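Peer 1: Structure provided below as structure tokens; questions to follow.
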Amino acid sequence: MKSRKLSRKRSRTAIVTAAAASVVAGVALVPNWSAGAAVVDDPTVDAATKATFQKLADAVFTDRTQALVHGATTKQSTSRFSGDVRMSSTQSRDENSALTQLRGRQNSLAKLGETYSAGNTRVTLDATRVTGRTAKADVTETTTLTYAKATGNAPKTTGFQSHHELTFKADRQGTWQLTTIKDTDDGGLAVNTLSKPSVKAPAPADDGDTMPNAPRAATTRNPVAVPKTSTTYDYKAMAAYAEKYWNVYNKDYPDFNGHADGGDCTNFVSQSLKAGGWKHVPGYVYDYTKWFGTADIQSDSFVGVNEWSWFAQNSKRTQPLANVYQAEVGDVIQMDFDRDGSKDHTMIVTYKSNGVPYVTYHSNNTLRRSVASLVASYPNAYYYAYRT
């Protein structure tokens, strides 16, 4: 049922009557709205309003995606919203600032030789929660970007999924205004996001042992190539698994996305390595020299960023690479966003073309993002590369 507007006369009468009653009771009553203003009851969110929430969210994230596309219009598509649902003036200024920053990211990418010729964004509304005059909408964004200079066997597109919470508040006339946007993924690694990626607290050493420390990898272009010669594992199978399950999770394993312990990134990479021939090393779950993962139980080294690194080095299943651009299909790249010595994110290389590795990962779910894009987006992070 739609909200019913009170007439100015009726609303003022109600306020005066209530105020008089409060004086008798010895309580001062301050009205929520100024006298004489048109006021509506707490508005309901019907199907049409939800649809408009979704359309506004779609417009916001489409704008952000288009800011990364070379030559795309910079006009905000959100400006066409008016009436019962619109963007607040403060959020509109924030979005203008976000678009400016994303256009700067576009320029940084172009300097590294990467441009996008097109972008497509689709937003679905997952849930809506209404409390009084506040509505929170959970949405899923699915975006595809087309690489402008893709030639030969190079990937033509990259894609990702992001989850967001949008807060709408109804003003005195009953108009819903978008006031805040929050990214709700653990990783915060979507190409068009400006939120800071999540970081983990430094992992403690186990029983005082000295953990193997991986050397950092450089991020300069065109390093000396380090061809992959090992035939121990099936690297194509690793890449195929990762690209199959990048946004449709394998039910044979738990899904840690949305958990406060760092998300699903390492769990996903471990599954991919297992698909390519890495064997279980059973034992105590907290022992970083062990590595195993099933639907029921997983070692810390199977799901933890730093614990995986310790196992990979101690077991000699990996060798460090001096430069992230030396990584080949099946190799693993990790990042330490705040450079505190504790690694925060794990990715697997699923494609390489023209000297550029492309990584696939969870939290955000991402397919074939170039290392150049990562370096342009997070130039101050520490990077680690592992030859598997």
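By convention here, the chains of the structure tokens are called A, B, ... in the order presented, each chain's residues are numbered starting at 1, and ligands are numbered starting at 1 in the order presented.
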Do a neighbour search on Tyr378 of chain A at 12 Å with only C-alpha atoms, toss out local chain neighbours closer than 4 positions, and write the hits as a count of residues only.
Peer 2: 24
Peer 1: Could you give me, as JSON lines, a per-residue list for segment 134-163 of chain A showing, wherever an atom lies at most 9 Å from an atom of segment 346-369 of chain A, the closest pair of atoms and their distance in Å to one decimal, using only C-alpha atoms and sorting by chain then residue number from low to high?
Peer 2:
```
{"residue": "A:Gly152", "atom": "CA", "partner": "A:Ser353", "partner_atom": "CA", "distance": 8.7}
{"residue": "A:Asn153", "atom": "CA", "partner": "A:Ser353", "partner_atom": "CA", "distance": 7.0}
{"residue": "A:Ala154", "atom": "CA", "partner": "A:Ser353", "partner_atom": "CA", "distance": 5.2}
{"residue": "A:Pro155", "atom": "CA", "partner": "A:Arg368", "partner_atom": "CA", "distance": 7.5}
{"residue": "A:Thr157", "atom": "CA", "partner": "A:Arg368", "partner_atom": "CA", "distance": 7.6}
{"residue": "A:Thr158", "atom": "CA", "partner": "A:Arg368", "partner_atom": "CA", "distance": 5.2}
{"residue": "A:Gly159", "atom": "CA", "partner": "A:Leu367", "partner_atom": "CA", "distance": 5.2}
{"residue": "A:Phe160", "atom": "CA", "partner": "A:Thr366", "partner_atom": "CA", "distance": 4.2}
{"residue": "A:Gln161", "atom": "CA", "partner": "A:Asn365", "partner_atom": "CA", "distance": 5.3}
{"residue": "A:Ser162", "atom": "CA", "partner": "A:Asn364", "partner_atom": "CA", "distance": 5.9}
{"residue": "A:His163", "atom": "CA", "partner": "A:Asn364", "partner_atom": "CA", "distance": 8.2}
```
Peer 1: Just list the residues in segment 103-140 of chain A DSSP gives strand (DSSP E) on the backbone, as a list of chain:residue names.
Peer 2: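 Checking each residue of segment 103-140 of chain A, the strand (DSSP E) ones are A:Tyr116, A:Ser117, A:Ala118, A:Gly119, A:Asn120, A:Thr121, A:Arg122, A:Val123, A:Thr124, A:Leu125, A:Asp126, A:Ala127, A:Thr128, A:Arg129, A:Val130, A:Thr131, A:Thr134, A:Ala135, A:Lys136, A:Ala137, A:Asp138, A:Val139, A:Thr140.
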Peer 1: What's the separation between atom CA of Gly119 of chain A and atom CA of Met238 of chain A, in Å to one decimal place?
Peer 2: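 The value is 27.7 Å.
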Peer 1: Write out as JSON, numbers by chain all residues of segment 47-159 of chain A that DSSP puts in alpha helix (DSSP H) for this structure's backbone.
Peer 2: {"A": [47, 48, 49, 50, 51, 52, 53, 54, 55, 56, 57, 58, 59, 60, 61, 62, 63, 64, 65, 66, 89, 90, 91, 92, 93, 94, 95, 96, 97, 98, 99, 100, 101, 102, 103, 104, 105, 106, 107, 108, 109, 110, 111]}
Peer 1: I'd like the contact shell of Leu102 of chain A - 9 Å cut-off, only C-alpha atoms, skipping same-chain residues fewer than 6 positions apart - returned as a ChimeraX atom specification.
Peer 2: /A:64-65,67-68,192-194
Peer 1: Okay, now the selection with all heavy atoms, as a tab-separated table (two decimals), in the first residue's frame?
Peer 2:
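Dumped everything to again.tsv:
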```tsv
chain	number	residue	atom	x	y	z
A	64	ARG	N	30.62	3.87	-13.18
A	64	ARG	CA	31.98	3.57	-12.71
A	64	ARG	C	32.74	2.73	-13.74
A	64	ARG	O	33.93	2.96	-13.98
A	64	ARG	CB	31.92	2.83	-11.37
A	64	ARG	CG	31.42	3.69	-10.23
A	64	ARG	CD	31.57	2.96	-8.90
A	64	ARG	NE	31.04	3.72	-7.77
A	64	ARG	CZ	31.13	3.32	-6.51
A	64	ARG	NH1	31.70	2.15	-6.23
A	64	ARG	NH2	30.63	4.05	-5.54
A	65	THR	N	32.05	1.77	-14.33
A	65	THR	CA	32.70	0.95	-15.36
A	65	THR	C	33.07	1.78	-16.57
A	65	THR	O	34.19	1.67	-17.10
A	65	THR	CB	31.77	-0.20	-15.77
A	65	THR	OG1	31.51	-1.03	-14.64
A	65	THR	CG2	32.42	-1.05	-16.86
A	67	ALA	N	33.81	4.80	-16.73
A	67	ALA	CA	34.94	5.70	-16.45
A	67	ALA	C	36.27	5.03	-16.76
A	67	ALA	O	37.29	5.72	-16.93
A	67	ALA	CB	34.90	6.13	-14.99
A	68	LEU	N	36.28	3.70	-16.86
A	68	LEU	CA	37.50	2.97	-17.19
A	68	LEU	C	37.64	2.71	-18.68
A	68	LEU	O	38.69	2.24	-19.13
A	68	LEU	CB	37.51	1.62	-16.45
A	68	LEU	CG	37.61	1.68	-14.92
A	68	LEU	CD1	37.35	0.30	-14.33
A	68	LEU	CD2	38.97	2.20	-14.49
A	192	ASN	N	36.71	-1.64	-10.73
A	192	ASN	CA	36.10	-0.31	-10.66
A	192	ASN	C	35.77	0.12	-9.23
A	192	ASN	O	34.97	1.04	-9.03
A	192	ASN	CB	34.83	-0.27	-11.52
A	192	ASN	CG	33.71	-1.14	-10.98
A	192	ASN	OD1	33.93	-1.93	-10.05
A	192	ASN	ND2	32.52	-1.01	-11.53
A	193	THR	N	36.36	-0.54	-8.24
A	193	THR	CA	36.10	-0.13	-6.86
A	193	THR	C	37.20	0.81	-6.39
A	193	THR	O	38.34	0.76	-6.86
A	193	THR	CB	36.03	-1.34	-5.91
A	193	THR	OG1	35.59	-0.86	-4.62
A	193	THR	CG2	37.38	-2.01	-5.75
A	194	LEU	N	36.85	1.69	-5.44
A	194	LEU	CA	37.82	2.60	-4.85
A	194	LEU	C	37.99	2.33	-3.36
A	194	LEU	O	38.75	3.02	-2.69
A	194	LEU	CB	37.38	4.05	-5.06
A	194	LEU	CG	37.39	4.48	-6.53
A	194	LEU	CD1	36.67	5.81	-6.71
A	194	LEU	CD2	38.81	4.57	-7.07
```
Peer 1: Find the residues around Tyr288 of chain A up to 7 Å (only C-alpha atoms counted), leave out those fewer than 5 positions away in its own chain, and share them as a tab-separated table (two decimals) with N, CA and C atoms, in the first residue's frame.
Peer 2:
```
chain	number	residue	atom	x	y	z
A	300	ASP	N	45.02	-25.26	7.63
A	300	ASP	CA	45.20	-23.81	7.53
A	300	ASP	C	45.97	-23.44	6.27
A	301	SER	N	46.88	-24.32	5.85
A	301	SER	CA	47.67	-24.04	4.66
A	301	SER	C	46.84	-24.13	3.39
A	307	GLU	N	49.74	-19.07	5.52
A	307	GLU	CA	49.99	-20.48	5.77
A	307	GLU	C	50.25	-21.24	4.47
A	310	TRP	N	53.81	-20.51	3.49
A	310	TRP	CA	54.77	-21.28	4.29
A	310	TRP	C	54.86	-22.73	3.78
A	311	PHE	N	53.69	-23.34	3.54
A	311	PHE	CA	53.69	-24.72	3.06
A	311	PHE	C	54.36	-24.81	1.69
```
Peer 1: Pick out the closest residue to Gly71 of chain A from this set: A:Thr115, A:Asn96, A:Asn323, A:Val139. Count only C-alpha atoms.
Peer 2: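 That would be A:Thr115, the residue with the smallest distance to Gly71 of chain A.
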Peer 1: Between A:Ala237, A:Val226, A:Ala295, A:Ala327, which one has atoms that come closest to Asn250 of chain A, using only C-alpha atoms?
Peer 2: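 Of A:Ala237, A:Val226, A:Ala295, A:Ala327, the one nearest Asn250 of chain A is A:Ala295, counting only C-alpha atoms.
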Peer 1: Write out as number ranges by chain the residues lying within 10 Å of segment 264-269 of chain A, counting only C-alpha atoms and excluding same-chain residues fewer than 3 positions away.
Peer 2: A: 186-187, 238-239, 241-242, 245-246, 249-250, 253-259, 261, 272-275, 293, 298-309, 330-332, 334, 344-349, 360-365
Peer 1: By how many Å are atom CA of Gly132 of chain A and atom CA of Trp176 of chain A apart?
Peer 2: 11.9 Å
